[in-house]
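Reproduced below: target.tsv, with TSV, C-alpha atoms and all ligand atoms.
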chain	number	residue	atom	x	y	z
A	458	MET	CA	-47.28	-53.99	-0.73
A	459	LYS	CA	-44.26	-56.05	0.37
A	460	LEU	CA	-41.99	-53.57	-1.37
A	461	LEU	CA	-43.60	-50.69	0.50
A	462	VAL	CA	-43.12	-52.44	3.88
A	463	LEU	CA	-39.48	-53.10	3.02
A	464	LEU	CA	-39.03	-49.48	1.99
A	465	LEU	CA	-40.62	-48.26	5.22
A	466	LEU	CA	-38.38	-50.60	7.24
A	467	LEU	CA	-35.34	-49.28	5.41
A	468	ILE	CA	-36.34	-45.68	6.11
A	469	GLU	CA	-36.95	-46.55	9.76
A	470	GLU	CA	-33.54	-48.22	10.02
A	471	THR	CA	-31.82	-45.25	8.39
A	472	ALA	CA	-33.66	-42.90	10.73
A	473	ALA	CA	-32.62	-45.02	13.75
A	474	ALA	CA	-28.96	-44.89	12.62
A	475	GLN	CA	-29.24	-41.09	12.50
A	476	LEU	CA	-30.71	-41.09	16.00
A	477	ARG	CA	-27.92	-42.92	17.78
A	478	GLY	CA	-24.15	-42.95	17.71
A	479	LEU	CA	-22.17	-45.57	15.82
A	480	PHE	CA	-19.28	-47.41	17.46
A	481	PRO	CA	-16.66	-49.77	16.01
A	482	ALA	CA	-16.10	-53.26	17.40
A	483	MET	CA	-13.97	-53.84	20.48
A	484	LEU	CA	-10.59	-55.41	19.60
A	485	ASN	CA	-7.71	-56.97	21.50
A	486	LEU	CA	-5.24	-54.18	20.83
A	487	ALA	CA	-2.34	-55.92	22.57
A	488	SER	CA	-1.88	-58.44	19.78
A	489	ASN	CA	-0.69	-55.69	17.38
A	490	ALA	CA	1.22	-53.66	19.96
A	491	GLU	CA	4.95	-53.23	20.35
A	492	ILE	CA	5.95	-54.47	23.78
A	493	SER	CA	9.15	-54.00	25.74
A	494	SER	CA	10.47	-54.71	29.24
A	495	ASN	CA	13.61	-53.53	30.99
A	496	ALA	CA	14.48	-56.95	32.46
A	497	THR	CA	14.03	-60.56	31.39
A	498	CYS	CA	14.99	-63.86	32.98
A	499	GLY	CA	18.20	-65.34	31.51
A	500	ASP	CA	19.30	-62.06	29.95
A	501	PRO	CA	22.25	-61.51	29.67
A	502	GLU	CA	23.30	-64.64	31.62
A	503	PRO	CA	21.43	-67.96	31.92
A	504	GLU	CA	19.85	-68.48	35.36
A	505	VAL	CA	18.08	-71.21	37.30
A	506	TYR	CA	14.68	-70.60	38.87
A	507	CYS	CA	12.28	-72.73	40.91
A	508	LYS	CA	8.51	-72.55	41.12
A	509	LEU	CA	7.07	-71.16	44.33
A	510	VAL	CA	4.19	-73.63	44.15
A	511	GLU	CA	6.67	-76.47	44.70
A	512	HIS	CA	8.02	-74.91	47.90
A	513	VAL	CA	4.91	-74.03	49.84
A	514	PRO	CA	4.73	-75.71	53.27
A	515	GLY	CA	2.27	-78.57	53.16
A	516	ARG	CA	2.47	-78.77	49.40
A	517	ARG	CA	6.12	-79.74	49.22
A	518	ILE	CA	6.85	-81.83	46.19
A	519	LYS	CA	9.47	-84.59	46.56
A	520	ASN	CA	11.65	-83.68	43.60
A	521	PRO	CA	11.05	-80.07	42.70
A	522	HIS	CA	12.64	-79.29	39.39
A	523	CYS	CA	14.37	-76.02	38.86
A	524	PRO	CA	14.58	-75.18	35.15
A	525	LYS	CA	16.93	-72.78	33.41
A	526	CYS	CA	16.10	-69.63	31.51
A	527	ASP	CA	18.47	-68.43	28.87
A	528	ALA	CA	17.54	-65.57	26.55
A	529	ASN	CA	20.03	-66.86	23.97
A	530	SER	CA	19.02	-70.51	24.09
A	531	VAL	CA	18.13	-72.37	20.92
A	532	LEU	CA	15.30	-74.03	22.89
A	533	TYR	CA	12.22	-71.81	22.87
A	534	LYS	CA	11.14	-73.20	26.26
A	535	GLU	CA	14.23	-71.65	27.86
A	536	ARG	CA	13.52	-68.21	26.39
A	537	HIS	CA	10.94	-65.98	28.10
A	538	PRO	CA	10.95	-62.68	26.16
A	539	ILE	CA	8.26	-60.06	26.81
A	540	THR	CA	6.74	-60.75	23.36
A	541	ASN	CA	5.46	-64.02	24.91
A	542	ALA	CA	2.96	-61.86	26.85
A	543	ILE	CA	1.09	-60.94	23.65
A	544	ASP	CA	1.67	-64.01	21.44
A	545	GLY	CA	-1.68	-65.70	22.08
A	546	THR	CA	0.00	-68.93	23.28
A	547	ASN	CA	0.76	-70.31	26.74
A	548	GLN	CA	4.41	-69.25	26.47
A	549	TRP	CA	5.18	-66.61	29.09
A	550	TRP	CA	7.45	-63.69	29.97
A	551	GLN	CA	9.51	-64.03	33.12
A	552	SER	CA	11.63	-61.52	35.03
A	553	PRO	CA	15.03	-62.23	36.63
A	554	SER	CA	14.58	-63.62	40.16
A	555	ILE	CA	15.61	-61.54	43.17
A	556	LYS	CA	18.60	-63.88	43.55
A	557	ASN	CA	20.13	-61.32	41.16
A	558	GLY	CA	19.43	-58.47	43.58
A	559	ARG	CA	16.71	-56.43	45.21
A	560	GLN	CA	16.45	-54.14	42.16
A	561	PHE	CA	14.52	-56.82	40.29
A	562	HIS	CA	11.42	-55.98	42.32
A	563	TRP	CA	11.26	-52.94	40.02
A	564	VAL	CA	10.53	-53.94	36.43
A	565	THR	CA	8.73	-51.87	33.80
A	566	ILE	CA	6.72	-53.22	30.85
A	567	THR	CA	5.55	-50.82	28.13
A	568	LEU	CA	3.05	-51.42	25.33
A	569	ASP	CA	2.89	-49.07	22.35
A	570	LEU	CA	-0.46	-49.43	20.58
A	571	LYS	CA	0.94	-47.24	17.76
A	572	GLN	CA	-2.07	-44.89	17.78
A	573	ILE	CA	-4.48	-43.50	20.35
A	574	PHE	CA	-7.42	-45.76	21.22
A	575	GLN	CA	-10.20	-45.77	23.77
A	576	ILE	CA	-9.36	-48.52	26.26
A	577	ALA	CA	-12.21	-50.38	27.96
A	578	TYR	CA	-10.38	-53.07	29.95
A	579	ILE	CA	-7.04	-54.77	30.54
A	580	ILE	CA	-6.67	-58.42	31.54
A	581	ILE	CA	-3.32	-59.73	32.75
A	582	LYS	CA	-2.67	-63.44	33.36
A	583	ALA	CA	0.22	-64.67	35.46
A	584	ALA	CA	2.09	-67.84	34.50
A	585	ASN	CA	4.20	-69.88	36.96
A	586	SER	CA	4.28	-67.32	39.79
A	587	PRO	CA	1.78	-65.37	41.89
A	588	ARG	CA	0.47	-62.08	40.46
A	589	PRO	CA	2.57	-58.93	41.05
A	590	GLY	CA	2.24	-57.45	44.56
A	591	ASN	CA	2.70	-53.67	44.39
A	592	TRP	CA	2.43	-52.07	40.97
A	593	ILE	CA	0.97	-49.17	38.99
A	594	LEU	CA	-0.98	-49.35	35.74
A	595	GLU	CA	-0.28	-46.20	33.71
A	596	ARG	CA	-1.32	-44.65	30.43
A	597	SER	CA	0.13	-42.06	28.11
A	598	LEU	CA	-0.81	-40.31	24.89
A	599	ASP	CA	2.73	-39.32	23.87
A	600	GLY	CA	5.04	-41.84	25.56
A	601	LYS	CA	6.56	-39.10	27.73
A	602	ILE	CA	3.96	-38.06	30.29
A	603	PHE	CA	2.41	-41.06	32.04
A	604	GLU	CA	-0.57	-40.89	34.37
A	605	PRO	CA	-1.83	-43.60	36.72
A	606	TRP	CA	-4.97	-45.56	35.85
A	607	GLN	CA	-4.93	-47.81	38.91
A	608	TYR	CA	-2.72	-48.82	41.83
A	609	TYR	CA	-2.39	-52.40	43.11
A	610	ALA	CA	-0.92	-53.25	46.50
A	611	ILE	CA	-0.02	-56.33	48.53
A	612	SER	CA	-2.29	-55.15	51.35
A	613	ASP	CA	-4.82	-52.40	51.98
A	614	SER	CA	-2.38	-50.70	54.35
A	615	GLU	CA	0.30	-50.61	51.60
A	616	CYS	CA	-2.15	-48.56	49.48
A	617	LEU	CA	-1.69	-45.86	52.10
A	618	THR	CA	1.98	-46.31	52.93
A	619	ARG	CA	3.27	-46.82	49.36
A	620	TYR	CA	0.84	-44.81	47.26
A	621	ASN	CA	-0.85	-42.48	49.74
A	622	ILE	CA	-4.31	-43.58	48.56
A	623	THR	CA	-7.16	-44.79	50.75
A	624	PRO	CA	-7.66	-48.43	49.68
A	625	ARG	CA	-10.84	-49.45	47.91
A	626	LEU	CA	-11.90	-52.50	49.91
A	627	GLY	CA	-12.98	-55.74	48.25
A	628	SER	CA	-13.72	-56.10	44.57
A	629	PRO	CA	-12.84	-52.79	42.80
A	630	THR	CA	-15.59	-50.17	42.43
A	631	TYR	CA	-15.37	-46.60	41.13
A	632	ARG	CA	-17.09	-43.49	42.49
A	633	SER	CA	-16.53	-41.28	39.47
A	634	ASP	CA	-15.53	-41.38	35.80
A	635	THR	CA	-11.92	-40.50	36.52
A	636	GLU	CA	-11.28	-41.92	40.01
A	637	VAL	CA	-7.89	-43.61	40.36
A	638	ILE	CA	-8.21	-46.30	43.02
A	639	CYS	CA	-5.79	-48.56	44.90
A	640	THR	CA	-6.80	-52.17	45.41
A	641	SER	CA	-5.26	-55.23	47.10
A	642	TYR	CA	-7.91	-57.48	45.51
A	643	TYR	CA	-5.66	-58.68	42.67
A	644	SER	CA	-2.42	-58.95	44.64
A	645	ARG	CA	-3.44	-61.86	46.85
A	646	LEU	CA	-0.92	-64.70	47.12
A	647	ASN	CA	-3.38	-67.31	45.92
A	648	PRO	CA	-3.56	-68.67	43.34
A	649	LEU	CA	0.18	-69.33	43.32
A	650	GLU	CA	0.08	-69.76	39.54
A	651	HIS	CA	-2.13	-68.63	36.64
A	652	GLY	CA	-3.87	-65.86	38.61
A	653	GLU	CA	-5.67	-63.14	36.65
A	654	ILE	CA	-6.01	-59.37	37.04
A	655	HIS	CA	-9.11	-57.81	35.49
A	656	THR	CA	-9.11	-54.03	35.28
A	657	SER	CA	-12.18	-52.29	33.93
A	658	LEU	CA	-11.73	-48.70	32.85
A	659	ILE	CA	-15.27	-48.02	31.56
A	660	ASN	CA	-17.70	-50.51	33.14
A	661	GLY	CA	-18.62	-49.64	36.69
A	662	ARG	CA	-17.98	-45.90	36.27
A	663	SER	CA	-20.69	-43.24	36.56
A	664	SER	CA	-21.25	-42.52	32.88
A	665	SER	CA	-20.34	-45.96	31.46
A	666	ALA	CA	-23.75	-46.31	29.77
A	667	ASP	CA	-23.24	-43.13	27.76
A	668	PRO	CA	-19.60	-42.09	28.33
A	669	SER	CA	-18.95	-38.46	29.25
A	670	SER	CA	-16.12	-36.47	27.65
A	671	GLU	CA	-14.19	-36.87	30.94
A	672	LEU	CA	-14.50	-40.66	30.73
A	673	LEU	CA	-13.50	-40.65	27.05
A	674	SER	CA	-10.43	-38.62	27.88
A	675	PHE	CA	-9.58	-40.79	30.94
A	676	THR	CA	-9.69	-43.94	28.81
A	677	SER	CA	-7.67	-42.61	25.85
A	678	ALA	CA	-4.18	-44.02	25.49
A	679	ARG	CA	-1.50	-44.94	23.00
A	680	TYR	CA	1.01	-46.24	25.57
A	681	ILE	CA	0.23	-48.53	28.49
A	682	ARG	CA	2.84	-49.11	31.18
A	683	LEU	CA	3.01	-51.67	34.00
A	684	ARG	CA	5.38	-50.42	36.70
A	685	LEU	CA	5.96	-53.51	38.82
A	686	GLN	CA	7.37	-52.56	42.22
A	687	ARG	CA	7.20	-55.54	44.56
A	688	ILE	CA	7.11	-59.30	44.07
A	689	ARG	CA	4.62	-61.19	46.23
A	690	THR	CA	6.44	-63.43	48.74
A	691	LEU	CA	5.34	-66.08	51.24
A	692	ASN	CA	4.83	-64.51	54.65
A	693	ALA	CA	7.38	-66.99	56.04
A	694	ASP	CA	10.08	-65.48	53.78
A	695	LEU	CA	9.06	-61.85	54.13
A	696	MET	CA	11.00	-61.07	57.33
A	697	MET	CA	14.22	-62.60	56.07
A	698	LEU	CA	13.97	-60.87	52.70
A	699	SER	CA	13.20	-57.50	54.28
A	700	ALA	CA	16.14	-57.74	56.68
A	701	HIS	CA	18.82	-58.88	54.22
A	702	ASP	CA	20.11	-58.13	50.77
A	703	PRO	CA	18.55	-60.95	48.69
A	704	ARG	CA	22.03	-61.76	47.36
A	705	ASP	CA	23.03	-62.79	50.91
A	706	VAL	CA	19.98	-65.07	51.33
A	707	ASP	CA	20.07	-68.76	50.38
A	708	PRO	CA	19.36	-68.92	46.62
A	709	ILE	CA	16.95	-71.80	47.30
A	710	VAL	CA	14.68	-69.07	48.67
A	711	THR	CA	15.44	-66.16	46.34
A	712	ARG	CA	15.35	-67.96	43.00
A	713	ARG	CA	11.63	-68.67	43.43
A	714	TYR	CA	10.71	-64.98	43.50
A	715	TYR	CA	10.17	-63.39	40.09
A	716	TYR	CA	7.32	-62.04	37.95
A	717	SER	CA	5.71	-64.06	35.17
A	718	ILE	CA	3.07	-62.98	32.68
A	719	LYS	CA	1.41	-65.38	30.26
A	720	ASP	CA	-0.94	-62.93	28.59
A	721	ILE	CA	-1.89	-59.25	28.42
A	722	SER	CA	-5.17	-58.41	26.66
A	723	VAL	CA	-6.16	-54.81	26.03
A	724	GLY	CA	-9.81	-54.37	25.04
A	725	GLY	CA	-10.35	-51.14	23.16
A	726	MET	CA	-11.63	-49.44	20.06
A	727	CYS	CA	-10.83	-46.70	17.57
A	728	ILE	CA	-11.84	-43.20	18.63
A	729	CYS	CA	-14.42	-42.14	16.02
A	730	TYR	CA	-16.59	-40.02	18.32
A	731	GLY	CA	-19.74	-42.07	17.77
A	732	HIS	CA	-19.72	-41.54	14.01
A	733	ALA	CA	-18.28	-44.82	12.62
A	734	GLU	CA	-19.08	-48.47	13.09
A	735	SER	CA	-16.13	-49.72	11.11
A	736	CYS	CA	-12.43	-49.07	11.62
A	737	PRO	CA	-10.32	-51.19	9.22
A	738	LEU	CA	-6.55	-51.13	8.75
A	739	ASP	CA	-5.46	-48.51	6.24
A	740	PRO	CA	-2.84	-50.23	4.04
A	741	ILE	CA	-0.93	-46.98	3.44
A	742	SER	CA	-0.76	-45.45	6.91
A	743	LYS	CA	-0.76	-48.93	8.60
A	744	LYS	CA	-3.19	-47.48	11.14
A	745	LEU	CA	-6.77	-48.37	11.92
A	746	GLN	CA	-8.91	-45.72	10.29
A	747	CYS	CA	-12.52	-44.75	11.12
A	748	VAL	CA	-14.98	-45.05	8.19
A	749	CYS	CA	-16.88	-41.87	9.05
A	750	GLU	CA	-20.67	-41.73	8.68
A	751	HIS	CA	-23.27	-39.13	9.72
A	752	ASN	CA	-21.65	-36.72	7.17
A	753	THR	CA	-18.58	-36.41	9.37
A	754	CYS	CA	-14.98	-36.08	8.19
A	755	GLY	CA	-11.51	-35.88	9.76
A	756	GLU	CA	-9.21	-38.60	11.11
A	757	SER	CA	-11.53	-39.37	14.03
A	758	CYS	CA	-14.80	-38.16	12.40
A	759	ASN	CA	-14.18	-35.13	14.56
A	760	GLN	CA	-15.66	-32.51	12.25
A	761	CYS	CA	-18.60	-32.03	9.89
A	762	CYS	CA	-17.77	-32.58	6.20
A	763	PRO	CA	-17.75	-29.44	3.99
A	764	GLY	CA	-21.33	-28.41	3.23
A	765	TYR	CA	-22.76	-30.13	6.35
A	766	HIS	CA	-22.37	-27.37	8.89
A	767	GLN	CA	-26.01	-26.55	9.55
A	768	GLN	CA	-25.31	-27.29	13.24
A	769	PRO	CA	-21.91	-27.34	14.97
A	770	TRP	CA	-20.22	-30.77	15.11
A	771	GLN	CA	-21.06	-32.89	18.15
A	772	PRO	CA	-19.96	-36.42	19.08
A	773	GLY	CA	-22.51	-39.20	18.58
A	774	THR	CA	-23.58	-40.82	21.83
A	775	LEU	CA	-25.40	-44.07	22.60
A	776	SER	CA	-28.70	-42.17	22.61
A	777	LYS	CA	-28.04	-39.45	20.00
A	778	GLY	CA	-26.56	-39.67	16.50
A	779	ASN	CA	-25.79	-35.94	16.24
A	780	THR	CA	-25.55	-36.27	12.45
A	781	CYS	CA	-24.04	-33.33	10.59
A	782	GLU	CA	-26.81	-31.92	8.40
A	783	SER	CA	-26.58	-30.40	4.96
A	784	LEU	CA	-26.84	-26.64	4.56
A	785	LEU	CA	-29.05	-27.11	1.50
A	786	GLN	CA	-31.83	-29.38	2.74
A	787	ASP	CA	-33.01	-30.53	6.11
A	788	TYR	CA	-33.98	-34.06	6.97
A	789	PRO	CA	-37.79	-33.99	7.14
A	790	GLN	CA	-37.85	-32.79	3.52
A	791	ALA	CA	-35.38	-35.47	2.48
A	792	PHE	CA	-37.64	-38.17	3.97
A	793	CYS	CA	-40.75	-36.71	2.28
A	794	ALA	CA	-38.94	-36.98	-1.03
A	795	VAL	CA	-38.39	-40.77	-0.48
B	1	CA	CA	1.58	-65.98	25.87
Rewritten as structure tokens:
Amino acid sequence: MKLLVLLLLLIEETAAAQLRGLFPAMLNLASNAEISSNATCGDPEPEVYCKLVEHVPGRRIKNPHCPKCDANSVLYKERHPITNAIDGTNQWWQSPSIKNGRQFHWVTITLDLKQIFQIAYIIIKAANSPRPGNWILERSLDGKIFEPWQYYAISDSECLTRYNITPRLGSPTYRSDTEVICTSYYSRLNPLEHGEIHTSLINGRSSSADPSSELLSFTSARYIRLRLQRIRTLNADLMMLSAHDPRDVDPIVTRRYYYSIKDISVGGMCICYGHAESCPLDPISKKLQCVCEHNTCGESCNQCCPGYHQQPWQPGTLSKGNTCESLLQDYPQAFCAV
């Protein structure tokens, strides 16, 4: 009797797996990415910087200390390479301060995930500076053509003036699967250190519960780019910095303005079109590879295996397995045989 119950449960489980799509686990894809930036503090020359938090009126600290960054230092604490943004420790990346010139408002960081994934969210954590002010989060499949995922601006009015997009007020929301919004929510001055930026690409969109093909395509990326375009400054310094070349302004002011990033996490998964729940590293290709089920084949389980073409291939969804069925026997008969 017990054996029969177990057998029935097994059949039920198998049937349920046929009924719904299979999805691999979400991973932090940043930890295996290649990351690069076009500017880093202390490269090529050592430079001194000060922390903004030690210079805010009312919070003035008696003896602010202004450390040195030096990309070639033997001391790891003086080096702030971009790899610090994905190393899983509290070490951080830092950009040159605007003491070096106005051009250091514009800094680009690129992550290469080395294959195309479906990206669900990106979390960026600042280190010893406020979060970036104006910037664009972009994605690309080929590393050549980049498209925006989201715009961030110092104020709602800068969404319009800089990016020509009506600002989404308050905490970000999305009206469609592929809407690209502009938000000032994550560019606020406070906190002055260790602020976070949470960007959701799937949750909160129309078809997030059972993603549409538009949403799947919108969230597909191999390359992720952060185009930083304006450092957040204290309002008290804004006028002076707008009116003058930063190199003519007292370095006491300008050396406290730079970007810093302690961590970038990219939550995403292999694209297996709802037909694999496992996606291990292939030792030969060095890529994550879907273990296709539902009688599917192909690199992304994107076709029916030979001999299983009774119906055309369809992606598995949260509600439907869309298993490829054999030409020789159909499923009800297979279950009767068990
Ligand atoms: Ca880190």
Using only C-alpha atoms, find each residue in segment 584-694 of chain A having at least one atom no more than 12 Å away from segment 488-497 of chain A; report its shortest atom-to-atom pair and that distance in Å (one decimal), rows by chain then rising number, as a Markdown table.
| residue | atom | partner | partner_atom | distance |
| --- | --- | --- | --- | --- |
| A:Arg679 | CA | A:Ala490 | CA | 9.6 |
| A:Tyr680 | CA | A:Ala490 | CA | 9.3 |
| A:Ile681 | CA | A:Ile492 | CA | 9.5 |
| A:Arg682 | CA | A:Ile492 | CA | 9.7 |
| A:Leu683 | CA | A:Ser494 | CA | 9.4 |
| A:Arg684 | CA | A:Ser494 | CA | 10.0 |
| A:Leu685 | CA | A:Ser494 | CA | 10.7 |
Q: Have a look at A:Ile611, A:Ile718, A:Val531, A:Leu598 and name the one nearest to ligand CA 1 (chain B); count all atoms listed in the file.
A: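 Counting all atoms listed in the file, the residue closest to ligand CA 1 (chain B) is A:Ile718.
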Q) When you draw a straight line from atom CA of Gly627 of chain A to atom CA of Thr656 of chain A, how long is it in Å? A)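 These atoms are spaced 13.6 Å apart.
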(Q) Any residue with an atom at most 7 Å from ligand CA 1 (chain B) counts, using all atoms listed in the file. Which are they? Put them as a VMD selection string. (A) chain A and resid 541 to 549 719 to 720
(Q) Can you tell me which residues surround segment 688-701 of chain A at a distance of at most 7 Å, considering all atoms listed in the file, apart from same-chain residues fewer than 6 positions away, and format the answer as number ranges by chain? (A) A: 562, 587, 589-590, 646, 714-716
Q) Which one of A:Pro521, A:Pro668, A:Gly661, A:Gly725 sits closest to Ile709 of chain A if you count all atoms listed in the file? A)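 When distances to Ile709 of chain A are compared using all atoms listed in the file, the smallest one comes from A:Pro521.
The coordinates place atom CA of Ile580 of chain A at 26.6 Å from atom CA of Arg712 of chain A.
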Q. Which residue, A:Asn485, A:Gln560, A:Thr540, A:Ser552, has the smallest gap to Cys526 of chain A when you use only C-alpha atoms?
A.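 The shortest atom-to-atom distance to Cys526 of chain A comes from A:Ser552.
Look at everything within 9 Å of (-8.4, -61.6, 34.7) using only C-alpha atoms, and the residues you get are A:Ile579, A:Ile580, A:Ile581, A:Lys582, A:Tyr643, A:Gly652, A:Glu653, A:Ile654, A:His655, A:Thr656.
Each of A:Gly731, A:Gly724, A:Pro737, A:Gly478 was checked against Ile659 of chain A using all atoms listed in the file; the smallest atom-to-atom distance is that of A:Gly724.
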Would you pick out the contacts of Ser614 of chain A at 12 Å or less, using only C-alpha atoms, so that residues sharing its chain but fewer than 2 positions from it are not included, and give the list as a compact mmCIF listing (two decimals) with C-alpha atoms, in the frame of the given file?
# COMPACT_ATOMS: atom_id res chain seq x y z
CA ASN A 591 2.70 -53.67 44.39
CA TYR A 609 -2.39 -52.40 43.11
CA ALA A 610 -0.92 -53.25 46.50
CA ILE A 611 -0.02 -56.33 48.53
CA SER A 612 -2.29 -55.15 51.35
CA CYS A 616 -2.15 -48.56 49.48
CA LEU A 617 -1.69 -45.86 52.10
CA THR A 618 1.98 -46.31 52.93
CA ARG A 619 3.27 -46.82 49.36
CA TYR A 620 0.84 -44.81 47.26
CA ASN A 621 -0.85 -42.48 49.74
CA ILE A 622 -4.31 -43.58 48.56
CA THR A 623 -7.16 -44.79 50.75
CA PRO A 624 -7.66 -48.43 49.68
CA ARG A 625 -10.84 -49.45 47.91
CA LEU A 626 -11.90 -52.50 49.91
CA CYS A 639 -5.79 -48.56 44.90
CA THR A 640 -6.80 -52.17 45.41
CA SER A 641 -5.26 -55.23 47.10
Q: Take atom CA of Arg559 of chain A and atom CA of Arg704 of chain A and report the distance between them in Å, one decimal.
A: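 Atom CA of Arg559 of chain A sits 7.8 Å away from atom CA of Arg704 of chain A.
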**Q.** Residue with smallest distance to Ile593 of chain A - pool A:Val637, A:Ile555, A:Leu570, A:Ala577, counting only C-alpha atoms
**A.** A:Val637
Would you mind listing, for every residue of segment 599-714 of chain A within 10 Å of segment 756-775 of chain A, the two atoms forming the shortest contact and the distance between them in Å to one decimal, using all atoms listed in the file, sorted by chain and ascending residue number, as JSON lines?
{"residue": "A:Ala666", "atom": "CA", "partner": "A:Leu775", "partner_atom": "CA", "distance": 7.7}
{"residue": "A:Asp667", "atom": "CA", "partner": "A:Leu775", "partner_atom": "CA", "distance": 5.7}
{"residue": "A:Pro668", "atom": "CA", "partner": "A:Thr774", "partner_atom": "CA", "distance": 7.7}
{"residue": "A:Ser669", "atom": "CA", "partner": "A:Thr774", "partner_atom": "CA", "distance": 9.1}
{"residue": "A:Ser670", "atom": "CA", "partner": "A:Pro772", "partner_atom": "CA", "distance": 9.4}
